[in-house]
Each structure stands twice: as C-alpha cells, then as structure tokens.
>>> print(open('data_24.txt').read())   # compact mmCIF, C-alpha atoms and all ligand atoms
# COMPACT_ATOMS: atom_id res chain seq x y z
CA MET A 1 71.39 6.39 -21.13
CA LYS A 2 68.08 5.85 -19.46
CA GLN A 3 66.20 7.43 -22.39
CA GLU A 4 67.95 5.26 -24.91
CA LYS A 5 66.76 2.21 -23.10
CA CYS A 6 63.28 3.47 -23.20
CA GLY A 7 62.15 1.99 -26.51
CA LYS A 8 58.95 0.33 -27.57
CA PHE A 9 59.91 -3.07 -26.38
CA TYR A 10 61.56 -2.24 -23.11
CA PHE A 11 59.96 -1.67 -19.77
CA CYS A 12 60.37 2.02 -18.88
CA TYR A 13 59.95 3.23 -15.29
CA LYS A 14 59.82 6.85 -16.30
CA HIS A 15 56.92 6.41 -18.79
CA PHE A 16 55.20 3.93 -16.54
CA ASN A 17 55.12 6.48 -13.70
CA ARG A 18 53.87 9.19 -16.04
CA LYS A 19 51.03 6.98 -17.28
CA LYS A 20 50.18 6.02 -13.74
CA THR A 21 49.98 9.67 -12.71
CA ILE A 22 47.71 10.51 -15.65
CA LEU A 23 45.43 7.55 -14.91
CA LEU A 24 45.27 8.44 -11.24
CA SER A 25 44.35 12.04 -12.10
CA TYR A 26 41.52 10.85 -14.36
CA PHE A 27 40.30 8.59 -11.60
CA LEU A 28 40.35 11.36 -9.00
CA ILE A 29 38.53 13.76 -11.35
CA LEU A 30 35.89 11.09 -11.95
CA ILE A 31 35.35 10.58 -8.24
CA PHE A 32 35.15 14.34 -7.76
CA LEU A 33 32.56 14.69 -10.53
CA VAL A 34 30.44 11.82 -9.20
CA SER A 35 30.49 13.19 -5.69
CA CYS A 36 29.47 16.64 -6.98
CA SER A 37 26.65 15.38 -9.19
CA GLY A 38 23.80 16.53 -6.96
CA PRO A 39 22.55 15.76 -3.46
CA GLN A 40 22.80 12.09 -2.63
CA LYS A 41 21.41 10.42 0.44
CA ALA A 42 24.06 8.04 1.64
CA ALA A 43 22.60 4.65 2.54
CA PRO A 44 22.87 4.14 6.29
CA ALA A 45 25.57 1.73 7.38
CA GLU A 46 24.34 -1.78 8.23
CA LYS A 47 25.35 -1.35 11.87
CA ASP A 48 23.12 1.74 12.18
CA LEU A 49 19.97 0.08 10.86
CA ILE A 50 17.09 -0.65 13.24
CA VAL A 51 16.21 -4.30 12.80
CA VAL A 52 12.49 -5.13 12.70
CA GLY A 53 11.12 -8.68 12.50
CA PHE A 54 7.61 -8.70 11.03
CA SER A 55 5.47 -11.81 11.25
CA GLN A 56 2.74 -11.47 8.62
CA VAL A 57 -0.36 -13.71 8.59
CA GLY A 58 -0.10 -14.69 4.93
CA SER A 59 -1.31 -13.42 1.58
CA GLU A 60 -4.97 -14.41 1.69
CA SER A 61 -6.42 -11.16 0.37
CA ASP A 62 -5.85 -7.90 -1.49
CA TRP A 63 -6.00 -6.19 1.90
CA ARG A 64 -3.18 -8.38 3.19
CA ASN A 65 -1.01 -7.74 0.14
CA ALA A 66 -1.50 -3.97 0.47
CA ASN A 67 -0.56 -4.29 4.13
CA THR A 68 2.65 -6.20 3.30
CA VAL A 69 3.72 -3.60 0.74
CA SER A 70 2.99 -0.79 3.20
CA MET A 71 5.22 -2.42 5.82
CA GLN A 72 8.01 -3.16 3.34
CA GLU A 73 8.02 0.42 2.09
CA ALA A 74 7.99 1.91 5.59
CA PHE A 75 10.85 -0.28 6.83
CA SER A 76 13.26 0.22 3.93
CA VAL A 77 17.03 0.57 4.25
CA GLU A 78 16.71 4.18 3.01
CA ASN A 79 14.47 4.85 6.00
CA GLY A 80 17.07 3.33 8.32
CA TYR A 81 15.62 -0.14 8.85
CA ARG A 82 16.39 -3.73 8.09
CA LEU A 83 13.11 -5.63 7.80
CA ILE A 84 13.04 -9.36 8.36
CA PHE A 85 9.74 -10.39 6.80
CA ASP A 86 8.09 -13.72 7.52
CA ASP A 87 4.94 -14.96 5.77
CA ALA A 88 3.25 -17.50 8.05
CA GLN A 89 0.93 -18.84 5.36
CA GLN A 90 -2.09 -18.69 7.67
CA LYS A 91 -0.51 -20.87 10.38
CA GLN A 92 -0.17 -19.72 13.96
CA GLU A 93 2.64 -22.27 14.60
CA LYS A 94 4.64 -20.59 11.83
CA GLN A 95 4.09 -17.20 13.42
CA ILE A 96 5.29 -18.52 16.78
CA THR A 97 8.40 -20.02 15.12
CA ALA A 98 9.05 -16.73 13.32
CA ILE A 99 8.89 -14.79 16.60
CA ARG A 100 11.31 -17.24 18.22
CA ASN A 101 13.68 -16.77 15.28
CA PHE A 102 13.44 -13.00 15.66
CA ILE A 103 14.31 -13.35 19.35
CA ASN A 104 17.31 -15.58 18.52
CA GLN A 105 18.52 -13.08 15.96
CA GLY A 106 18.29 -10.30 18.55
CA VAL A 107 16.09 -7.97 16.49
CA ASP A 108 15.37 -4.50 17.90
CA TYR A 109 11.58 -4.74 17.48
CA ILE A 110 9.04 -7.45 16.74
CA VAL A 111 5.89 -6.60 14.80
CA LEU A 112 3.12 -9.19 14.79
CA ALA A 113 -0.05 -9.32 12.68
CA PRO A 114 -1.69 -12.16 14.63
CA ILE A 115 -3.84 -14.66 12.79
CA THR A 116 -6.05 -15.27 15.83
CA MET A 117 -6.55 -13.59 19.19
CA GLU A 118 -5.62 -16.51 21.45
CA GLY A 119 -2.42 -18.48 21.96
CA TRP A 120 0.29 -15.81 22.24
CA ASP A 121 1.08 -15.69 25.97
CA THR A 122 4.06 -18.06 25.94
CA VAL A 123 5.94 -16.62 22.99
CA LEU A 124 5.22 -13.02 23.98
CA THR A 125 6.57 -13.80 27.46
CA GLU A 126 9.75 -15.04 25.76
CA ALA A 127 10.03 -11.80 23.76
CA LYS A 128 9.48 -9.77 26.91
CA ALA A 129 12.18 -11.75 28.76
CA ALA A 130 14.55 -10.98 25.87
CA GLY A 131 13.74 -7.28 26.27
CA ILE A 132 12.35 -6.90 22.74
CA PRO A 133 9.35 -4.58 22.37
CA VAL A 134 6.44 -6.14 20.48
CA ILE A 135 4.03 -4.07 18.42
CA ILE A 136 0.78 -5.77 17.40
CA VAL A 137 -0.69 -4.60 14.14
CA ASP A 138 -4.06 -5.09 12.38
CA ARG A 139 -5.76 -7.82 14.45
CA MET A 140 -5.93 -7.95 18.23
CA VAL A 141 -4.34 -10.43 20.65
CA ASP A 142 -6.02 -11.63 23.82
CA THR A 143 -3.29 -12.06 26.45
CA ASP A 144 -3.61 -12.58 30.22
CA ASP A 145 -1.14 -9.75 30.80
CA PRO A 146 -1.61 -6.66 28.58
CA ASP A 147 2.03 -5.74 29.19
CA LEU A 148 3.15 -8.65 27.03
CA PHE A 149 3.03 -6.24 24.12
CA THR A 150 4.06 -2.61 23.91
CA CYS A 151 1.19 -1.32 21.83
CA TRP A 152 -1.35 -2.09 19.14
CA VAL A 153 -2.53 -0.33 15.99
CA GLY A 154 -5.39 -1.47 13.76
CA SER A 155 -9.07 -1.29 12.93
CA ASP A 156 -12.11 -1.40 15.17
CA THR A 157 -13.75 -4.31 13.40
CA ARG A 158 -16.73 -4.41 15.76
CA ARG A 159 -17.43 -0.82 14.77
CA GLU A 160 -17.14 -1.89 11.12
CA GLY A 161 -19.82 -4.55 11.73
CA ASP A 162 -22.01 -1.98 13.49
CA LEU A 163 -21.65 0.42 10.53
CA ALA A 164 -22.79 -2.31 8.14
CA VAL A 165 -25.80 -3.13 10.31
CA LYS A 166 -26.78 0.53 10.59
CA TRP A 167 -26.63 0.81 6.78
CA MET A 168 -28.80 -2.33 6.46
CA GLU A 169 -31.36 -0.88 8.87
CA GLU A 170 -31.49 2.36 6.94
CA ASN A 171 -31.39 1.01 3.37
CA LEU A 172 -32.98 -2.44 3.23
CA THR A 173 -36.57 -3.52 3.61
CA ALA A 174 -37.28 -6.50 5.87
CA PRO A 175 -37.68 -9.43 5.85
CA LEU A 176 -34.00 -10.15 5.29
CA ASN A 177 -32.67 -13.64 4.70
CA ILE A 178 -28.96 -13.27 5.31
CA VAL A 179 -26.10 -15.44 4.05
CA HIS A 180 -23.09 -14.80 6.28
CA LEU A 181 -19.56 -15.64 5.06
CA GLN A 182 -17.08 -15.29 7.88
CA GLY A 183 -13.36 -14.66 7.97
CA ASN A 184 -11.05 -17.10 9.71
CA ILE A 185 -12.62 -18.02 13.00
CA GLY A 186 -10.88 -16.66 16.08
CA SER A 187 -9.39 -13.62 14.36
CA SER A 188 -10.52 -10.29 15.75
CA ALA A 189 -11.45 -9.19 12.21
CA GLN A 190 -13.93 -12.07 12.03
CA ALA A 191 -15.11 -11.73 15.63
CA GLY A 192 -15.84 -7.99 15.38
CA ARG A 193 -17.72 -8.19 12.09
CA THR A 194 -19.65 -11.27 13.23
CA GLU A 195 -20.58 -9.70 16.58
CA GLY A 196 -21.86 -6.62 14.74
CA LEU A 197 -24.16 -8.73 12.57
CA GLU A 198 -25.32 -10.86 15.50
CA ALA A 199 -26.30 -7.73 17.42
CA GLY A 200 -28.21 -6.59 14.31
CA LEU A 201 -30.04 -9.92 14.16
CA GLN A 202 -31.06 -9.58 17.79
CA ASN A 203 -32.39 -6.06 17.32
CA ASN A 204 -34.25 -6.81 14.09
CA PRO A 205 -36.64 -9.73 14.52
CA GLU A 206 -37.44 -9.73 10.81
CA TRP A 207 -33.86 -10.53 9.92
CA LYS A 208 -33.03 -14.22 9.62
CA LEU A 209 -29.65 -15.91 9.33
CA VAL A 210 -30.14 -18.58 6.66
CA PHE A 211 -26.51 -19.65 6.18
CA GLN A 212 -23.27 -19.05 8.09
CA ALA A 213 -19.80 -20.52 7.37
CA PRO A 214 -16.14 -19.46 7.44
CA GLY A 215 -14.51 -18.65 4.10
CA ASP A 216 -11.23 -17.57 5.74
CA PHE A 217 -11.14 -14.23 3.89
CA VAL A 218 -10.24 -16.14 0.70
CA GLN A 219 -11.86 -15.56 -2.71
CA ALA A 220 -12.00 -19.20 -3.81
CA LYS A 221 -13.64 -20.21 -0.53
CA GLY A 222 -16.19 -17.41 -0.86
CA GLN A 223 -17.07 -18.72 -4.29
CA GLU A 224 -17.28 -22.33 -3.10
CA LEU A 225 -19.58 -21.42 -0.21
CA MET A 226 -21.82 -19.38 -2.47
CA GLU A 227 -22.03 -22.31 -4.90
CA GLU A 228 -23.07 -24.47 -1.94
CA VAL A 229 -25.81 -22.00 -0.97
CA LEU A 230 -27.10 -21.77 -4.55
CA ALA A 231 -27.12 -25.56 -4.91
CA SER A 232 -29.02 -26.02 -1.64
CA GLY A 233 -31.96 -23.89 -2.77
CA ILE A 234 -31.83 -21.76 0.39
CA ASP A 235 -33.87 -18.57 0.04
CA PHE A 236 -31.74 -15.47 0.57
CA ASN A 237 -31.72 -11.78 -0.34
CA VAL A 238 -28.62 -10.42 1.47
CA ILE A 239 -25.03 -11.61 1.53
CA TYR A 240 -22.80 -10.33 4.32
CA ALA A 241 -19.23 -11.21 3.28
CA GLU A 242 -16.58 -10.32 5.85
CA ASN A 243 -14.08 -9.14 3.23
CA ASP A 244 -13.78 -8.05 -0.39
CA ASN A 245 -12.11 -11.18 -1.68
CA MET A 246 -14.94 -13.41 -0.46
CA ALA A 247 -17.37 -10.92 -2.04
CA TYR A 248 -15.55 -11.30 -5.38
CA GLY A 249 -16.07 -15.06 -5.09
CA VAL A 250 -19.74 -14.54 -4.24
CA ILE A 251 -20.26 -12.30 -7.27
CA ALA A 252 -18.61 -14.82 -9.60
CA ALA A 253 -20.84 -17.64 -8.29
CA LEU A 254 -24.02 -15.55 -8.56
CA LYS A 255 -23.23 -14.51 -12.12
CA ALA A 256 -22.62 -18.12 -13.10
CA HIS A 257 -26.18 -18.83 -11.91
CA ASP A 258 -27.74 -15.81 -13.63
CA VAL A 259 -28.42 -14.04 -10.36
CA VAL A 260 -27.67 -10.32 -10.75
CA PRO A 261 -25.35 -9.19 -7.93
CA GLY A 262 -26.38 -5.93 -6.31
CA LYS A 263 -29.89 -6.09 -7.83
CA ASP A 264 -31.42 -9.53 -7.23
CA VAL A 265 -29.49 -9.71 -3.94
CA THR A 266 -27.81 -7.11 -1.76
CA ILE A 267 -24.09 -7.66 -1.18
CA ILE A 268 -22.21 -6.18 1.76
CA SER A 269 -18.46 -6.35 2.13
CA PHE A 270 -15.50 -5.02 4.14
CA ASP A 271 -12.05 -3.58 3.25
CA ALA A 272 -12.94 -1.17 0.40
CA ALA A 273 -10.03 -2.13 -1.83
CA HIS A 274 -9.80 -0.45 -5.27
CA ASP A 275 -11.40 -3.28 -7.26
CA ALA A 276 -14.24 -3.63 -4.79
CA LEU A 277 -14.99 0.08 -4.88
CA LYS A 278 -15.26 -0.14 -8.66
CA LEU A 279 -17.90 -2.82 -8.11
CA VAL A 280 -19.75 -0.42 -5.80
CA LEU A 281 -19.73 2.16 -8.59
CA SER A 282 -20.97 -0.39 -11.13
CA GLY A 283 -23.69 -1.48 -8.71
CA GLU A 284 -22.62 -5.09 -8.17
CA LEU A 285 -21.62 -4.44 -4.57
CA ASN A 286 -24.05 -2.43 -2.45
CA LEU A 287 -21.96 -1.49 0.57
CA ASP A 288 -18.25 -1.65 1.36
CA VAL A 289 -17.08 -0.77 4.86
CA GLU A 290 -13.56 0.58 4.85
CA CYS A 291 -10.71 -1.23 6.59
CA ASN A 292 -7.37 0.53 6.12
CA PRO A 293 -4.32 -1.73 5.56
CA LEU A 294 -1.67 1.01 5.27
CA HIS A 295 -0.15 0.41 8.69
CA GLY A 296 3.54 0.69 7.72
CA PRO A 297 3.93 4.43 8.48
CA ARG A 298 1.87 4.05 11.66
CA VAL A 299 4.07 1.27 13.03
CA ARG A 300 7.18 3.21 12.00
CA SER A 301 5.98 6.25 13.88
CA ILE A 302 5.47 4.08 16.98
CA ILE A 303 9.04 2.78 16.68
CA GLU A 304 10.35 6.34 16.22
CA GLN A 305 8.57 7.34 19.43
CA LEU A 306 10.11 4.40 21.27
CA GLU A 307 13.55 5.29 19.86
CA ARG A 308 13.15 8.79 21.32
CA GLY A 309 12.29 7.28 24.67
CA GLU A 310 8.62 8.31 24.48
CA THR A 311 5.62 6.18 25.42
CA PRO A 312 3.27 5.66 22.46
CA GLU A 313 -0.47 5.21 22.94
CA LYS A 314 -1.23 1.63 23.96
CA PHE A 315 -4.08 1.29 21.43
CA THR A 316 -4.50 3.28 18.20
CA TYR A 317 -7.66 2.80 16.15
CA VAL A 318 -7.67 3.96 12.54
CA ASP A 319 -10.58 6.17 11.43
CA GLU A 320 -12.75 4.45 8.84
CA VAL A 321 -15.83 5.19 6.76
CA TYR A 322 -18.13 3.26 4.42
CA PHE A 323 -18.94 3.53 0.75
CA ASP A 324 -22.16 2.97 -1.18
CA SER A 325 -23.58 4.43 -4.38
CA SER A 326 -24.61 7.61 -2.55
CA ASN A 327 -21.13 8.78 -1.55
CA LEU A 328 -18.63 7.13 -3.92
CA THR A 329 -17.06 8.72 -7.01
CA GLU A 330 -14.26 7.83 -9.46
CA ASP A 331 -12.18 10.63 -7.93
CA ILE A 332 -12.48 9.14 -4.46
CA ILE A 333 -11.33 5.77 -5.75
CA ALA A 334 -8.40 7.34 -7.61
CA SER A 335 -7.33 9.27 -4.53
CA ARG A 336 -7.07 6.22 -2.30
CA GLY A 337 -3.84 4.38 -1.61
CA TYR A 338 -5.27 0.85 -1.82
O1 LIG B 401 -10.33 -7.49 6.32
C1 LIG B 401 -9.09 -9.22 5.31
C2 LIG B 401 -7.76 -9.75 5.66
O2 LIG B 401 -7.34 -8.51 9.49
C3 LIG B 401 -8.50 -6.59 8.90
O3 LIG B 401 -7.73 -9.70 7.07
C4 LIG B 401 -7.77 -7.76 8.43
C5 LIG B 401 -8.56 -8.65 7.50
C6 LIG B 401 -9.07 -8.03 6.22
O4 LIG B 401 -7.36 -10.86 5.06
O5 LIG B 401 -9.26 -8.93 3.97
>>> encode(input="data_24.txt", output="structure tokens")
Amino acid sequence: MKQEKCGKFYFCYKHFNRKKTILLSYFLILIFLVSCSGPQKAAPAEKDLIVVGFSQVGSESDWRNANTVSMQEAFSVENGYRLIFDDAQQKQEKQITAIRNFINQGVDYIVLAPITMEGWDTVLTEAKAAGIPVIIVDRMVDTDDPDLFTCWVGSDTRREGDLAVKWMEENLTAPLNIVHLQGNIGSSAQAGRTEGLEAGLQNNPEWKLVFQAPGDFVQAKGQELMEEVLASGIDFNVIYAENDNMAYGVIAALKAHDVVPGKDVTIISFDAAHDALKLVLSGELNLDVECNPLHGPRVRSIIEQLERGETPEKFTYVDEVYFDSSNLTEDIIASRGY
C-alpha cells in the first residue's frame, strides 16, 4: 500500500529518508576530506587572543609606514593577538585619547610610539592604575617616574647623530656651511640627531650652522625648506637632514635649481630606507645612518616574556650601522627588510 502511494506527485517518507541519508553521507565525507587535507593551523578563538592597543604617531615617513606594517604583522590573529591600531596623525592629544580608549576597552597591553618626549605622566599614571603594562617603542618618553612604563625598545638616536658627525670629520674638508633640517621638535629622534650635530659644531670650529629649521620628518616640508634656503642665497655645502623623506625633498629642490646632489653639496640622512640606499649607490646621497623600524617582533617578544611572568630588559637599543659609497652594495640593499 505504502509503495503504491509513492508516485511522482506524492510526498514519500520512505524516499525522502533515503535521500536525506545519502545527502548526509556526502556531507560527512566532504567534512572528512576537508579535515584531512593537510595540516591546518586553527585560528585561535577570540577569547584566547591577547589584546594589544598600539598608538602610532602617524604616517609621516617611509620609516613610519615600515614600522606600522611590522607591528601589524607581528600582532596578527594567527600569532594569537588582536591589535587595536590607532593613527594619531602627528597629534599628541590624539595619542592621549587613544590610550584612554585602550584603558576603557580593557586591553591586555598598551604600546605607545610617542610623538614627543614630554607630556605623558598623567595618562601613563591612568594606565598604571588600570594595571595595564605599557611598552614604549621607537622614541623615548621623559616621565617623572620611570615605572610609569614597563619597558622601552628603539634606536639610540644620539648615537646616530654621533656616527654622522664622525663620518663628516673623516670624509669632509672644512670649512663646512651646514643646512640643518630637523625632525619634529621635542621628539627624541630629533633631539638625539640634533644634539649629535651640535656637539660636532662645538668640536669643529670650522663648521658653521647656516640654516636650521624643523621639517617634521616630512618630504614636502624638506623640499619647502630647501627651496627657502636656495631662494635666500645662503652659502652652504652640507645638508644634514634628520630623515630620508626630508632628504628626498632636499634632492628634488636642488635638482630643480640645477645643483647636483651628492656632488655640488654633501647630503647626510638618517633611516636608510630602500629608496634612500639606492640614492647612496647612485651618489645623490652621501651618507645614510641606519635607523631600524622593524620593531614588531621585538615588542612581541617583550609581551611573550611578560606572559611567561619574566621581567624583560627595561631598555633595549637596536644595533645600527651607516652606509656610504664605500660599504654599500645592491646585495646589501636587497637583503634588507625595509
Ligand atoms: O627617523 C623618521 C620617523 O622616530 C626614529 O620618525 C623615528 C623617526 C624616523 O618619521 O623617519
């Protein structure tokens, strides 16, 4: 009886169940095959992720962009992190607001790349009261109480300035008329490189500072300032630009005025990004002092130490070198990560 009812146009429980069983079997086989298709790293569950709030200065330079990418790659979900990234667009108030937001969100760690050295005591006290460890990266902070942050990792920018001065003493013939383009005033990157040059000026009476102004580490400002120098008729033979992007601006301005960069004037820069090193090879840039932006893995290793209950070094300085035509090759450039 049941079978008779089971025609084309009737609903049939028996055939329906059979079809369902076949479909289910296909489905289970598919799942089995997918799960056997090689080793797969399961993404960590959201609740297991370590949450890191990173307050970045901005995106003023190639160095900064390489630094952002390094942090984003180090704090990926695959590595077990959720990164909350905030770009402060060169404003300290925005960095302070970002840190307060991180505290409100109850992040596990705060990482701060501070625009300037001063002005952090209040907000870092708030982070400390909330029990959130703060790791300072790249530039230094100047706080009344050094325990307001857990540790710091970055470059010794005073040493970078000293390296540049040593190179000038060894490679240039006085008298020197120096144009000095500074980074943003009050940042430790600016202060260190400026102090290095000022010490050089004191020790070398035949060196003269003929122009000094902040270009905020920005290419367009470097170019504008160089235009200003060229228009003023100031006599100069050395340009000390506190980062690569300002040096790019300088080179563009010089070329527009038929001054040959690297030959008619000596150009000194900091960071040693890929494009700048190519300019060292082509002779348009005479010296580039390295400043390493790849801090992501370093900060992650600090957090891993803290997670294991260890005490990381309070201050970690990255080893850095300098490049000029005597020690740079295509292979070196190709082997570098930035
Ligand atoms: O040299 C410059 C950047 O703080 C070391 O900031 C960093 C400096 C770097 O914008 O290019």
>>> atom_distance(input="data_24.txt", atom1="atom CA of Asp87 of chain A", atom2="atom CA of Asp275 of chain A")
23.9 Å
>>> residues_near_ligand(input="data_24.txt", ligand="ligand LIG 401 (chain B)", cutoff="7 Å", atoms="all atoms listed in the file", output="ChimeraX atom specification")
/A:60-64,138-139,155,189,217,242-245,270-271,291
>>> residues_around(input="data_24.txt", residues="Ala127 of chain A", least_positions_apart="2", cutoff="9 Å", atoms="only C-alpha atoms", output="list of chain:residue names")
A:Ile99, A:Arg100, A:Phe102, A:Ile103, A:Ile110, A:Thr122, A:Val123, A:Leu124, A:Thr125, A:Ala129, A:Ala130, A:Gly131, A:Ile132, A:Pro133, A:Val134, A:Leu148, A:Phe149
>>> closest_residue(input="data_24.txt", among="A:Gly296, A:Pro175, A:Gln182, A:Asp216", to="Glu73 of chain A", atoms="all atoms listed in the file")
A:Gly296
>>> residues_around(input="data_24.txt", residues="segment 325-330 of chain A", least_positions_apart="2", cutoff="9 Å", atoms="all atoms listed in the file", output="MDAnalysis selection string")
chainID A and resid 277:278 280:283 286:287 322:323 332:335
>>> atom_distance(input="data_24.txt", atom1="atom CA of Asn65 of chain A", atom2="atom CA of Tyr248 of chain A")
16.0 Å
>>> closest_residue(input="data_24.txt", among="A:Ser269, A:Val229, A:Ser55, A:Val153", to="Thr97 of chain A", atoms="all atoms listed in the file")
A:Ser55
>>> closest_residue(input="data_24.txt", among="A:Ile239, A:Val137, A:Phe54, A:Glu78", to="Val107 of chain A", atoms="all atoms listed in the file")
A:Phe54
>>> residues_near_point(input="data_24.txt", point="(22.6, -0.3, 4.2)", cutoff="10 Å", atoms="only C-alpha atoms", output="list in words")
Ala42, Ala43, Pro44, Ala45, Glu46, Lys47, Asp48, Leu49, Ser76, Val77, Glu78, Asn79, Gly80, Tyr81 and Arg82 of chain A
>>> closest_residue(input="data_24.txt", among="A:Val321, A:Leu225, A:Ile178, A:Ala164", to="Gly249 of chain A", atoms="all atoms listed in the file")
A:Leu225
>>> closest_residue(input="data_24.txt", among="A:Leu254, A:Asn203, A:Val289, A:Ala66", to="Met226 of chain A", atoms="only C-alpha atoms")
A:Leu254
>>> residues_near_point(input="data_24.txt", point="(1.0, -7.7, 24.4)", cutoff="10 Å", atoms="only C-alpha atoms", output="list in words")
Leu112, Trp120, Asp121, Leu124, Thr125, Ala127, Lys128, Pro133, Val134, Ile135, Ile136, Met140, Val141, Asp142, Thr143, Asp144, Asp145, Pro146, Asp147, Leu148, Phe149, Thr150, Cys151, Trp152 and Lys314 of chain A
>>> closest_residue(input="data_24.txt", among="A:Glu304, A:Val299, A:Phe315, A:Ala113", to="Ser70 of chain A", atoms="all atoms listed in the file")
A:Val299
>>> atom_distance(input="data_24.txt", atom1="atom CA of Ile251 of chain A", atom2="atom CA of Leu181 of chain A")
12.8 Å
>>> decode(input="data_24.txt", residues="segment 207-227 of chain A", atoms="N, CA and C atoms", output="compact mmCIF listing (two decimals), in the first residue's frame")
# COMPACT_ATOMS: atom_id res chain seq x y z
N TRP A 207 83.30 74.47 11.31
CA TRP A 207 81.95 74.12 10.86
C TRP A 207 81.01 75.24 11.28
N LYS A 208 80.14 75.64 10.36
CA LYS A 208 79.20 76.72 10.68
C LYS A 208 77.78 76.26 10.36
N LEU A 209 76.86 76.59 11.27
CA LEU A 209 75.45 76.29 11.01
C LEU A 209 74.86 77.50 10.28
N VAL A 210 74.46 77.33 9.02
CA VAL A 210 73.98 78.49 8.27
C VAL A 210 72.45 78.54 8.19
N PHE A 211 71.81 77.43 8.50
CA PHE A 211 70.34 77.39 8.46
C PHE A 211 69.89 76.22 9.32
N GLN A 212 68.84 76.44 10.13
CA GLN A 212 68.29 75.34 10.94
C GLN A 212 66.79 75.55 11.07
N ALA A 213 65.99 74.53 10.72
CA ALA A 213 64.53 74.63 10.86
C ALA A 213 63.91 73.24 10.90
N PRO A 214 62.77 73.11 11.58
CA PRO A 214 62.11 71.79 11.62
C PRO A 214 61.31 71.50 10.36
N GLY A 215 61.50 70.32 9.80
CA GLY A 215 60.71 69.87 8.64
C GLY A 215 59.83 68.68 9.03
N ASP A 216 59.77 68.39 10.33
CA ASP A 216 58.85 67.38 10.88
C ASP A 216 58.96 65.99 10.26
N PHE A 217 60.10 65.66 9.71
CA PHE A 217 60.32 64.34 9.10
C PHE A 217 59.51 64.13 7.82
N VAL A 218 58.98 65.22 7.25
CA VAL A 218 58.06 65.10 6.11
C VAL A 218 58.74 65.58 4.83
N GLN A 219 58.55 64.83 3.75
CA GLN A 219 59.20 65.12 2.47
C GLN A 219 58.86 66.52 1.94
N ALA A 220 57.58 66.83 1.91
CA ALA A 220 57.15 68.12 1.33
C ALA A 220 57.76 69.28 2.12
N LYS A 221 57.86 69.11 3.45
CA LYS A 221 58.44 70.20 4.25
C LYS A 221 59.93 70.31 4.00
N GLY A 222 60.59 69.17 3.80
CA GLY A 222 62.03 69.19 3.48
C GLY A 222 62.25 69.97 2.19
N GLN A 223 61.39 69.72 1.23
CA GLN A 223 61.52 70.39 -0.07
C GLN A 223 61.27 71.89 0.06
N GLU A 224 60.22 72.23 0.81
CA GLU A 224 59.89 73.65 1.02
C GLU A 224 61.05 74.39 1.68
N LEU A 225 61.61 73.79 2.73
CA LEU A 225 62.71 74.44 3.45
C LEU A 225 63.93 74.61 2.54
N MET A 226 64.18 73.60 1.73
CA MET A 226 65.33 73.69 0.82
C MET A 226 65.12 74.79 -0.21
N GLU A 227 63.88 74.91 -0.69
CA GLU A 227 63.54 75.99 -1.63
C GLU A 227 63.83 77.35 -0.97
